[in-house]
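Here the structure comes first, spelled out in structure tokens, and everything after it is commentary.
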Amino acid sequence: MDRLTRYAETLDTAAREAEATPQITPKDPAFTVAEAYEVQKLSVDRRLARGERRIGVKMGLTSRAKMQQVGVDEAAWGRLTDAMLVEEGSALSRAKYVHPRVEPEIAFLMKAPLSGRVTGAAALAAVEAIAPAMEIIDSRFENFKFALEDVVADNTSSSGLVIGSWNDPRSDFSNLGVILEIDGQVVQVGSTAAILGHPLRSLVAAARLVAEAGEQIEAGAIVMAGGITAAPNLAIGQTVRATVQDLGSVMFQVEA
Ligand code: 0L1
Ligand code: MG
């Protein structure tokens, strides 16, 4: 088995068994971002082989704060499958995750395919609807610690998504207020402008990045635009709610 296939198997197993695994880069300093995207694909292919279905794309590292944390100046992307969907208003099982955190986001629903270098206007024309959303991120690496190459290989920490009601995208969503509440307490406050200055830029970047991998964003796909605030840890018993001005709320609970 070659080393990229081995990394993909290790990360897939870590996700399935909810057991942290050591970082790749300290032991393999030659590991590149291009190889990491190959590992990501191989790892998600294992999910697809088990019957999961691709439902879209997530953008990560889209805020200045996250870019600085990881030491990069480019967003990253990951692949979403139907098994990652958490029904809005339902309870997710903490036991399925290593050390989950939650990010308030917005999601795009596509009505037309998108790929390559596109303008914001072309990207918007391909959007059917936008929704308030949350992403559950769960690094498969020990202590939630990684370099860019590690986190790309680990499908940019993606492990769950919760989508609220779809809204007409023909409104100004560039700077909407966002709050994240846990058990009724406001724990994070932000704005959709935290996503690359305008969430549409994240969709434009997604189209470019997937094209570099020979893919397109399909009609019907969901695109998670990226985190808006810092990502608090999840714990059993919590009720978590994100509210995006004008778009509505989305919530879930955490059970054992
Ligand atoms: O969705 C994100 O922005 C997270 C990307 C990976 C970094 C992290 O796990 O915090
Ligand atoms: Mg995210």
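Every chain in the structure tokens has a letter given in the order shown (A, B, ...), and although residue numbers restart at 1 in each chain, ligands are simply numbered from 1 in the order shown.
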
Using only C-alpha atoms and all ligand atoms, which residues have at least one atom no more than 7 Å from ligand 1? Output them as a list in words.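 Using only C-alpha atoms and all ligand atoms, I find these residues within 7 Å of ligand 1: Met59, Gly60, Leu61, Thr62, Lys66, Ile137, Asp138, Ser139, Val151, Thr156, Ser157, Ser158, Gly226 and Gly227 of chain A.
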
Shell around Gly197 (chain A) at 12 Å using only C-alpha atoms, local window under 3 positions removed, as a list in words: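 Returned residues: Thr62, Ser63, Arg64, Phe173, Ser174, Asn175, Leu176, Ser191, Thr192, Ala193, Ala194, Leu200, Arg201, Ser202, Ala225, Gly226 and Ile228 of chain A.
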
Write out as an MDAnalysis selection string the residues lying within 10 Å of Ala125 (chain A), counting only C-alpha atoms and excluding same-chain residues fewer than 6 positions away. chainID A and resid 110:112 114 119 169:170

Export, as a PDB file, in the first residue's frame, the selected residues with all heavy atoms.
ATOM      1  N   MET A 110     -27.229  24.942  -4.672  1.00  0.00           N
ATOM      2  CA  MET A 110     -26.945  25.293  -6.071  1.00  0.00           C
ATOM      3  C   MET A 110     -28.084  24.837  -6.993  1.00  0.00           C
ATOM      4  O   MET A 110     -28.648  23.766  -6.816  1.00  0.00           O
ATOM      5  CB  MET A 110     -25.632  24.633  -6.510  1.00  0.00           C
ATOM      6  CG  MET A 110     -24.443  24.929  -5.606  1.00  0.00           C
ATOM      7  SD  MET A 110     -24.125  26.677  -5.381  1.00  0.00           S
ATOM      8  CE  MET A 110     -23.602  27.129  -7.040  1.00  0.00           C
ATOM      9  N   LYS A 111     -28.377  25.669  -7.980  1.00  0.00           N
ATOM     10  CA  LYS A 111     -29.375  25.253  -8.987  1.00  0.00           C
ATOM     11  C   LYS A 111     -28.719  24.978 -10.333  1.00  0.00           C
ATOM     12  O   LYS A 111     -29.367  24.487 -11.252  1.00  0.00           O
ATOM     13  CB  LYS A 111     -30.466  26.306  -9.135  1.00  0.00           C
ATOM     14  CG  LYS A 111     -30.005  27.637  -9.674  1.00  0.00           C
ATOM     15  CD  LYS A 111     -31.188  28.599  -9.785  1.00  0.00           C
ATOM     16  CE  LYS A 111     -30.715  29.976 -10.214  1.00  0.00           C
ATOM     17  NZ  LYS A 111     -31.757  30.994 -10.108  1.00  0.00           N
ATOM     18  N   ALA A 112     -27.432  25.322 -10.430  1.00  0.00           N
ATOM     19  CA  ALA A 112     -26.690  25.077 -11.684  1.00  0.00           C
ATOM     20  C   ALA A 112     -25.263  24.706 -11.303  1.00  0.00           C
ATOM     21  O   ALA A 112     -24.774  25.107 -10.248  1.00  0.00           O
ATOM     22  CB  ALA A 112     -26.708  26.323 -12.556  1.00  0.00           C
ATOM     23  N   LEU A 114     -21.199  24.743 -11.148  1.00  0.00           N
ATOM     24  CA  LEU A 114     -20.253  25.861 -11.088  1.00  0.00           C
ATOM     25  C   LEU A 114     -18.850  25.284 -10.977  1.00  0.00           C
ATOM     26  O   LEU A 114     -18.607  24.391 -10.169  1.00  0.00           O
ATOM     27  CB  LEU A 114     -20.579  26.714  -9.865  1.00  0.00           C
ATOM     28  CG  LEU A 114     -20.055  28.151  -9.830  1.00  0.00           C
ATOM     29  CD1 LEU A 114     -20.694  28.998 -10.942  1.00  0.00           C
ATOM     30  CD2 LEU A 114     -20.357  28.791  -8.470  1.00  0.00           C
ATOM     31  N   THR A 119     -17.103  34.862 -11.886  1.00  0.00           N
ATOM     32  CA  THR A 119     -17.341  36.125 -11.185  1.00  0.00           C
ATOM     33  C   THR A 119     -18.343  35.891 -10.055  1.00  0.00           C
ATOM     34  O   THR A 119     -19.064  34.877 -10.038  1.00  0.00           O
ATOM     35  CB  THR A 119     -17.931  37.166 -12.139  1.00  0.00           C
ATOM     36  OG1 THR A 119     -19.200  36.658 -12.602  1.00  0.00           O
ATOM     37  CG2 THR A 119     -17.014  37.437 -13.325  1.00  0.00           C
ATOM     38  N   PRO A 169     -31.979  33.904  -2.327  1.00  0.00           N
ATOM     39  CA  PRO A 169     -30.624  34.473  -2.257  1.00  0.00           C
ATOM     40  C   PRO A 169     -30.528  35.901  -2.792  1.00  0.00           C
ATOM     41  O   PRO A 169     -29.467  36.514  -2.700  1.00  0.00           O
ATOM     42  CB  PRO A 169     -29.811  33.524  -3.151  1.00  0.00           C
ATOM     43  CG  PRO A 169     -30.795  33.039  -4.165  1.00  0.00           C
ATOM     44  CD  PRO A 169     -32.133  32.992  -3.475  1.00  0.00           C
ATOM     45  N   ARG A 170     -31.643  36.414  -3.338  1.00  0.00           N
ATOM     46  CA  ARG A 170     -31.560  37.760  -3.924  1.00  0.00           C
ATOM     47  C   ARG A 170     -31.793  38.826  -2.853  1.00  0.00           C
ATOM     48  O   ARG A 170     -32.699  39.646  -2.924  1.00  0.00           O
ATOM     49  CB  ARG A 170     -32.568  37.897  -5.070  1.00  0.00           C
ATOM     50  CG  ARG A 170     -32.129  37.143  -6.319  1.00  0.00           C
ATOM     51  CD  ARG A 170     -33.247  36.997  -7.290  1.00  0.00           C
ATOM     52  NE  ARG A 170     -34.372  36.275  -6.657  1.00  0.00           N
ATOM     53  CZ  ARG A 170     -35.535  36.029  -7.242  1.00  0.00           C
ATOM     54  NH1 ARG A 170     -35.765  36.453  -8.450  1.00  0.00           N
ATOM     55  NH2 ARG A 170     -36.484  35.361  -6.603  1.00  0.00           N
TER      56      ARG A 170
END

As a VMD selection string, please: every residue in region 35-210 of chain A that a backbone DSSP assignment puts in strand (DSSP E). chain A and resid 54 to 60 76 to 81 91 to 93 101 to 110 127 to 137 158 to 163 177 to 182 185 to 191

Counting only C-alpha atoms, what are the residues of region 76-137 of chain A within 8 Å of region 209-212 of chain A, and for each of them which pair of atoms is the nearest and at what distance in Å, to one decimal? Sort the table by chain and rising number, as a tab-separated table.
residue	atom	partner	partner_atom	distance
A:Ala76	CA	A:Leu209	CA	7.9
A:Trp77	CA	A:Leu209	CA	7.4
A:Ser115	CA	A:Ala211	CA	5.4
A:Gly116	CA	A:Ala211	CA	5.1

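Counting only C-alpha atoms, Ile24 (chain A) has the following residues at most 9 Å away, ignoring those fewer than 2 positions along the same chain: Tyr7, Thr21, Pro22, Pro26, Lys27, Asp28, Pro29, Phe31, Phe141, Phe146, Ala147, Glu149 and Asp150 of chain A.
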
Region 50-52 of chain A surroundings by only C-alpha atoms, 7 Å radius, close-in-sequence under 2 positions cut, as a PyMOL selection string: chain A and resi 46-48+54+81-83

Name the residues of region 24-243 of chain A that fall into helix (DSSP H, G or I) according to DSSP on the backbone, using the chain letters and numbers of this document, as a ChimeraX atom specification. /A:33-49,64-70,82-84,94-96,120-125,142-144,148-153,155-157,192-194,199-212

Output file for the selection above: C-alpha atoms, as a PDB file, in the first residue's frame:
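Written output follows (part-v1.pdb):
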ATOM      1  CA  VAL A  33      -0.828  20.113   0.108  1.00  0.00           C
ATOM      2  CA  ALA A  34      -1.411  18.506  -3.312  1.00  0.00           C
ATOM      3  CA  GLU A  35      -0.773  15.068  -1.787  1.00  0.00           C
ATOM      4  CA  ALA A  36      -3.053  15.984   1.124  1.00  0.00           C
ATOM      5  CA  TYR A  37      -5.938  16.675  -1.282  1.00  0.00           C
ATOM      6  CA  GLU A  38      -5.255  13.266  -2.847  1.00  0.00           C
ATOM      7  CA  VAL A  39      -5.465  11.665   0.622  1.00  0.00           C
ATOM      8  CA  GLN A  40      -8.728  13.540   1.239  1.00  0.00           C
ATOM      9  CA  LYS A  41     -10.170  12.148  -1.997  1.00  0.00           C
ATOM     10  CA  LEU A  42      -9.001   8.610  -1.233  1.00  0.00           C
ATOM     11  CA  SER A  43     -10.483   8.824   2.260  1.00  0.00           C
ATOM     12  CA  VAL A  44     -13.855  10.122   1.022  1.00  0.00           C
ATOM     13  CA  ASP A  45     -13.827   7.459  -1.728  1.00  0.00           C
ATOM     14  CA  ARG A  46     -13.765   4.868   1.063  1.00  0.00           C
ATOM     15  CA  ARG A  47     -16.957   6.440   2.445  1.00  0.00           C
ATOM     16  CA  LEU A  48     -18.564   6.392  -1.005  1.00  0.00           C
ATOM     17  CA  ALA A  49     -17.598   2.724  -1.381  1.00  0.00           C
ATOM     18  CA  ARG A  64      -8.720  35.855   8.822  1.00  0.00           C
ATOM     19  CA  ALA A  65      -8.639  34.404  12.351  1.00  0.00           C
ATOM     20  CA  LYS A  66      -8.595  30.786  11.094  1.00  0.00           C
ATOM     21  CA  MET A  67      -6.046  31.570   8.358  1.00  0.00           C
ATOM     22  CA  GLN A  68      -3.730  33.127  10.924  1.00  0.00           C
ATOM     23  CA  GLN A  69      -4.246  30.174  13.288  1.00  0.00           C
ATOM     24  CA  VAL A  70      -3.107  27.710  10.604  1.00  0.00           C
ATOM     25  CA  ASP A  82     -25.070  12.518   3.181  1.00  0.00           C
ATOM     26  CA  ALA A  83     -23.895  10.644   6.293  1.00  0.00           C
ATOM     27  CA  MET A  84     -22.624  13.960   7.680  1.00  0.00           C
ATOM     28  CA  ARG A  94     -21.338  12.849  21.046  1.00  0.00           C
ATOM     29  CA  ALA A  95     -19.969   9.293  20.957  1.00  0.00           C
ATOM     30  CA  LYS A  96     -19.577   9.461  17.163  1.00  0.00           C
ATOM     31  CA  GLY A 120     -19.422  36.781  -8.099  1.00  0.00           C
ATOM     32  CA  ALA A 121     -22.392  37.534 -10.369  1.00  0.00           C
ATOM     33  CA  ALA A 122     -22.021  34.177 -12.144  1.00  0.00           C
ATOM     34  CA  ALA A 123     -21.707  32.384  -8.803  1.00  0.00           C
ATOM     35  CA  LEU A 124     -24.841  34.089  -7.455  1.00  0.00           C
ATOM     36  CA  ALA A 125     -26.755  33.215 -10.624  1.00  0.00           C
ATOM     37  CA  GLU A 142      -4.712  14.326  18.564  1.00  0.00           C
ATOM     38  CA  ASN A 143      -5.390  17.508  20.535  1.00  0.00           C
ATOM     39  CA  PHE A 144      -7.094  19.123  17.489  1.00  0.00           C
ATOM     40  CA  LEU A 148      -2.345  22.776   6.678  1.00  0.00           C
ATOM     41  CA  GLU A 149      -1.344  19.491   4.985  1.00  0.00           C
ATOM     42  CA  ASP A 150      -2.766  17.456   7.883  1.00  0.00           C
ATOM     43  CA  VAL A 151      -6.106  19.243   7.989  1.00  0.00           C
ATOM     44  CA  VAL A 152      -6.571  19.091   4.208  1.00  0.00           C
ATOM     45  CA  ALA A 153      -5.935  15.331   4.294  1.00  0.00           C
ATOM     46  CA  ASN A 155     -11.232  16.567   4.899  1.00  0.00           C
ATOM     47  CA  THR A 156     -10.707  19.976   6.578  1.00  0.00           C
ATOM     48  CA  SER A 157     -12.084  18.559   9.859  1.00  0.00           C
ATOM     49  CA  THR A 192     -21.316  36.872   7.559  1.00  0.00           C
ATOM     50  CA  ALA A 193     -18.664  39.387   6.429  1.00  0.00           C
ATOM     51  CA  ALA A 194     -16.163  37.253   8.399  1.00  0.00           C
ATOM     52  CA  PRO A 199     -19.797  34.801   1.605  1.00  0.00           C
ATOM     53  CA  LEU A 200     -20.087  34.929  -2.188  1.00  0.00           C
ATOM     54  CA  ARG A 201     -16.283  35.112  -2.366  1.00  0.00           C
ATOM     55  CA  SER A 202     -16.203  31.723  -0.669  1.00  0.00           C
ATOM     56  CA  LEU A 203     -18.421  30.275  -3.399  1.00  0.00           C
ATOM     57  CA  VAL A 204     -16.191  31.835  -6.084  1.00  0.00           C
ATOM     58  CA  ALA A 205     -13.146  30.288  -4.374  1.00  0.00           C
ATOM     59  CA  ALA A 206     -14.921  26.930  -4.075  1.00  0.00           C
ATOM     60  CA  ALA A 207     -15.585  26.890  -7.834  1.00  0.00           C
ATOM     61  CA  ARG A 208     -11.896  27.579  -8.519  1.00  0.00           C
ATOM     62  CA  LEU A 209     -10.551  25.068  -5.992  1.00  0.00           C
ATOM     63  CA  VAL A 210     -12.785  22.164  -7.057  1.00  0.00           C
ATOM     64  CA  ALA A 211     -11.853  22.847 -10.696  1.00  0.00           C
ATOM     65  CA  GLU A 212      -8.181  22.465  -9.748  1.00  0.00           C
TER      66      GLU A 212
END

Determine, counting only C-alpha atoms, which protein, DNA and RNA residues have an atom within 8 Å of an atom of region 100-108 of chain A; residues of the same chain fewer than 3 positions away are not included. Present the result as a PyMOL selection string. chain A and resi 94+97+127-139+163+178-180+192+199+222-234+242

Can you write just those residues out, N, CA and C atoms, as an mmCIF file, in the first residue's frame?
data_model
loop_
_atom_site.group_PDB
_atom_site.id
_atom_site.type_symbol
_atom_site.label_atom_id
_atom_site.label_comp_id
_atom_site.auth_asym_id
_atom_site.auth_seq_id
_atom_site.Cartn_x
_atom_site.Cartn_y
_atom_site.Cartn_z
ATOM 1 N N ARG A 94 -22.721 12.443 20.741
ATOM 2 C CA ARG A 94 -21.338 12.849 21.046
ATOM 3 C C ARG A 94 -20.362 11.697 20.831
ATOM 4 N N TYR A 97 -17.982 11.243 17.705
ATOM 5 C CA TYR A 97 -16.953 12.234 17.382
ATOM 6 C C TYR A 97 -15.767 12.105 18.341
ATOM 7 N N VAL A 127 -26.986 30.065 -7.689
ATOM 8 C CA VAL A 127 -27.493 29.732 -6.346
ATOM 9 C C VAL A 127 -29.020 29.715 -6.347
ATOM 10 N N GLU A 128 -29.564 28.619 -5.834
ATOM 11 C CA GLU A 128 -31.030 28.501 -5.703
ATOM 12 C C GLU A 128 -31.489 29.182 -4.408
ATOM 13 N N ALA A 129 -30.736 28.979 -3.321
ATOM 14 C CA ALA A 129 -31.193 29.454 -2.013
ATOM 15 C C ALA A 129 -30.023 29.496 -1.031
ATOM 16 N N ILE A 130 -30.222 30.265 0.044
ATOM 17 C CA ILE A 130 -29.227 30.302 1.118
ATOM 18 C C ILE A 130 -29.930 29.996 2.452
ATOM 19 N N ALA A 131 -29.178 29.419 3.372
ATOM 20 C CA ALA A 131 -29.776 29.012 4.654
ATOM 21 C C ALA A 131 -28.802 29.267 5.799
ATOM 22 N N PRO A 132 -29.338 29.517 7.008
ATOM 23 C CA PRO A 132 -28.465 29.484 8.185
ATOM 24 C C PRO A 132 -28.043 28.040 8.402
ATOM 25 N N ALA A 133 -26.826 27.853 8.885
ATOM 26 C CA ALA A 133 -26.302 26.488 9.002
ATOM 27 C C ALA A 133 -25.281 26.420 10.124
ATOM 28 N N MET A 134 -24.944 25.209 10.521
ATOM 29 C CA MET A 134 -23.819 25.000 11.433
ATOM 30 C C MET A 134 -22.999 23.839 10.906
ATOM 31 N N GLU A 135 -21.687 23.942 11.078
ATOM 32 C CA GLU A 135 -20.814 22.815 10.758
ATOM 33 C C GLU A 135 -20.272 22.217 12.053
ATOM 34 N N ILE A 136 -20.289 20.906 12.156
ATOM 35 C CA ILE A 136 -19.597 20.229 13.251
ATOM 36 C C ILE A 136 -18.213 19.890 12.706
ATOM 37 N N ILE A 137 -17.189 20.489 13.286
ATOM 38 C CA ILE A 137 -15.827 20.138 12.886
ATOM 39 C C ILE A 137 -15.239 19.240 13.972
ATOM 40 N N ASP A 138 -14.464 18.268 13.524
ATOM 41 C CA ASP A 138 -13.920 17.276 14.465
ATOM 42 C C ASP A 138 -12.610 16.770 13.887
ATOM 43 N N SER A 139 -11.524 17.460 14.226
ATOM 44 C CA SER A 139 -10.232 16.992 13.722
ATOM 45 C C SER A 139 -9.987 15.569 14.193
ATOM 46 N N ILE A 163 -28.578 22.172 8.511
ATOM 47 C CA ILE A 163 -29.037 23.215 7.593
ATOM 48 C C ILE A 163 -30.425 23.691 8.027
ATOM 49 N N VAL A 178 -24.722 37.465 13.237
ATOM 50 C CA VAL A 178 -24.826 36.032 13.551
ATOM 51 C C VAL A 178 -24.585 35.846 15.043
ATOM 52 N N ILE A 179 -25.445 35.076 15.707
ATOM 53 C CA ILE A 179 -25.142 34.713 17.097
ATOM 54 C C ILE A 179 -25.195 33.195 17.253
ATOM 55 N N LEU A 180 -24.326 32.715 18.118
ATOM 56 C CA LEU A 180 -24.301 31.292 18.456
ATOM 57 C C LEU A 180 -24.623 31.176 19.940
ATOM 58 N N THR A 192 -21.627 37.656 8.763
ATOM 59 C CA THR A 192 -21.316 36.872 7.559
ATOM 60 C C THR A 192 -20.128 37.475 6.799
ATOM 61 N N PRO A 199 -19.684 36.253 1.815
ATOM 62 C CA PRO A 199 -19.797 34.801 1.605
ATOM 63 C C PRO A 199 -19.737 34.382 0.137
ATOM 64 N N ILE A 222 -24.876 21.256 -1.915
ATOM 65 C CA ILE A 222 -24.806 22.226 -0.821
ATOM 66 C C ILE A 222 -23.356 22.702 -0.741
ATOM 67 N N VAL A 223 -23.177 23.998 -0.569
ATOM 68 C CA VAL A 223 -21.830 24.529 -0.319
ATOM 69 C C VAL A 223 -21.861 25.239 1.029
ATOM 70 N N MET A 224 -21.084 24.730 1.978
ATOM 71 C CA MET A 224 -20.937 25.384 3.279
ATOM 72 C C MET A 224 -19.896 26.487 3.116
ATOM 73 N N ALA A 225 -20.288 27.728 3.424
ATOM 74 C CA ALA A 225 -19.454 28.872 3.054
ATOM 75 C C ALA A 225 -18.245 29.072 3.949
ATOM 76 N N GLY A 226 -18.313 28.581 5.206
ATOM 77 C CA GLY A 226 -17.148 28.753 6.082
ATOM 78 C C GLY A 226 -17.540 29.318 7.434
ATOM 79 N N GLY A 227 -16.692 29.093 8.406
ATOM 80 C CA GLY A 227 -16.990 29.498 9.778
ATOM 81 C C GLY A 227 -17.032 31.018 9.930
ATOM 82 N N ILE A 228 -17.915 31.473 10.829
ATOM 83 C CA ILE A 228 -18.121 32.912 11.037
ATOM 84 C C ILE A 228 -17.503 33.368 12.351
ATOM 85 N N THR A 229 -17.427 32.463 13.326
ATOM 86 C CA THR A 229 -16.876 32.796 14.645
ATOM 87 C C THR A 229 -15.880 31.705 15.045
ATOM 88 N N ALA A 230 -15.274 31.887 16.212
ATOM 89 C CA ALA A 230 -14.506 30.784 16.797
ATOM 90 C C ALA A 230 -15.463 29.610 17.029
ATOM 91 N N ALA A 231 -14.892 28.406 17.149
ATOM 92 C CA ALA A 231 -15.708 27.191 17.220
ATOM 93 C C ALA A 231 -15.654 26.601 18.630
ATOM 94 N N PRO A 232 -16.725 26.763 19.434
ATOM 95 C CA PRO A 232 -16.722 26.187 20.780
ATOM 96 C C PRO A 232 -16.806 24.660 20.769
ATOM 97 N N ASN A 233 -16.303 24.052 21.839
ATOM 98 C CA ASN A 233 -16.407 22.598 22.020
ATOM 99 C C ASN A 233 -17.850 22.196 22.291
ATOM 100 N N LEU A 234 -18.206 21.000 21.846
ATOM 101 C CA LEU A 234 -19.530 20.452 22.144
ATOM 102 C C LEU A 234 -19.435 19.485 23.321
ATOM 103 N N ALA A 242 -27.825 28.526 16.250
ATOM 104 C CA ALA A 242 -27.224 29.637 15.511
ATOM 105 C C ALA A 242 -28.347 30.428 14.863
#

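Among A:Leu4, A:Ala256, A:Ile236, A:Val162, the residue with the shortest atom-to-atom distance to ligand 2, counting only C-alpha atoms and all ligand atoms, is A:Val162.
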
Residue with smallest distance to ligand 2 - pool A:Thr13, A:Gln245, A:Ser159, A:Thr25, counting only C-alpha atoms and all ligand atoms: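 Among the listed residues, A:Ser159 lies closest to ligand 2.
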
Considering only C-alpha atoms, state which residue in the set A:Gly237, A:Pro113, A:Gly177, A:Gly164 is at the smallest distance from Gly89 (chain A). A:Gly164

So, with only C-alpha atoms and all ligand atoms as the atoms that count, which of A:Arg16, A:Arg6, A:Arg53, A:Arg79 lies closest to ligand 2? A:Arg79
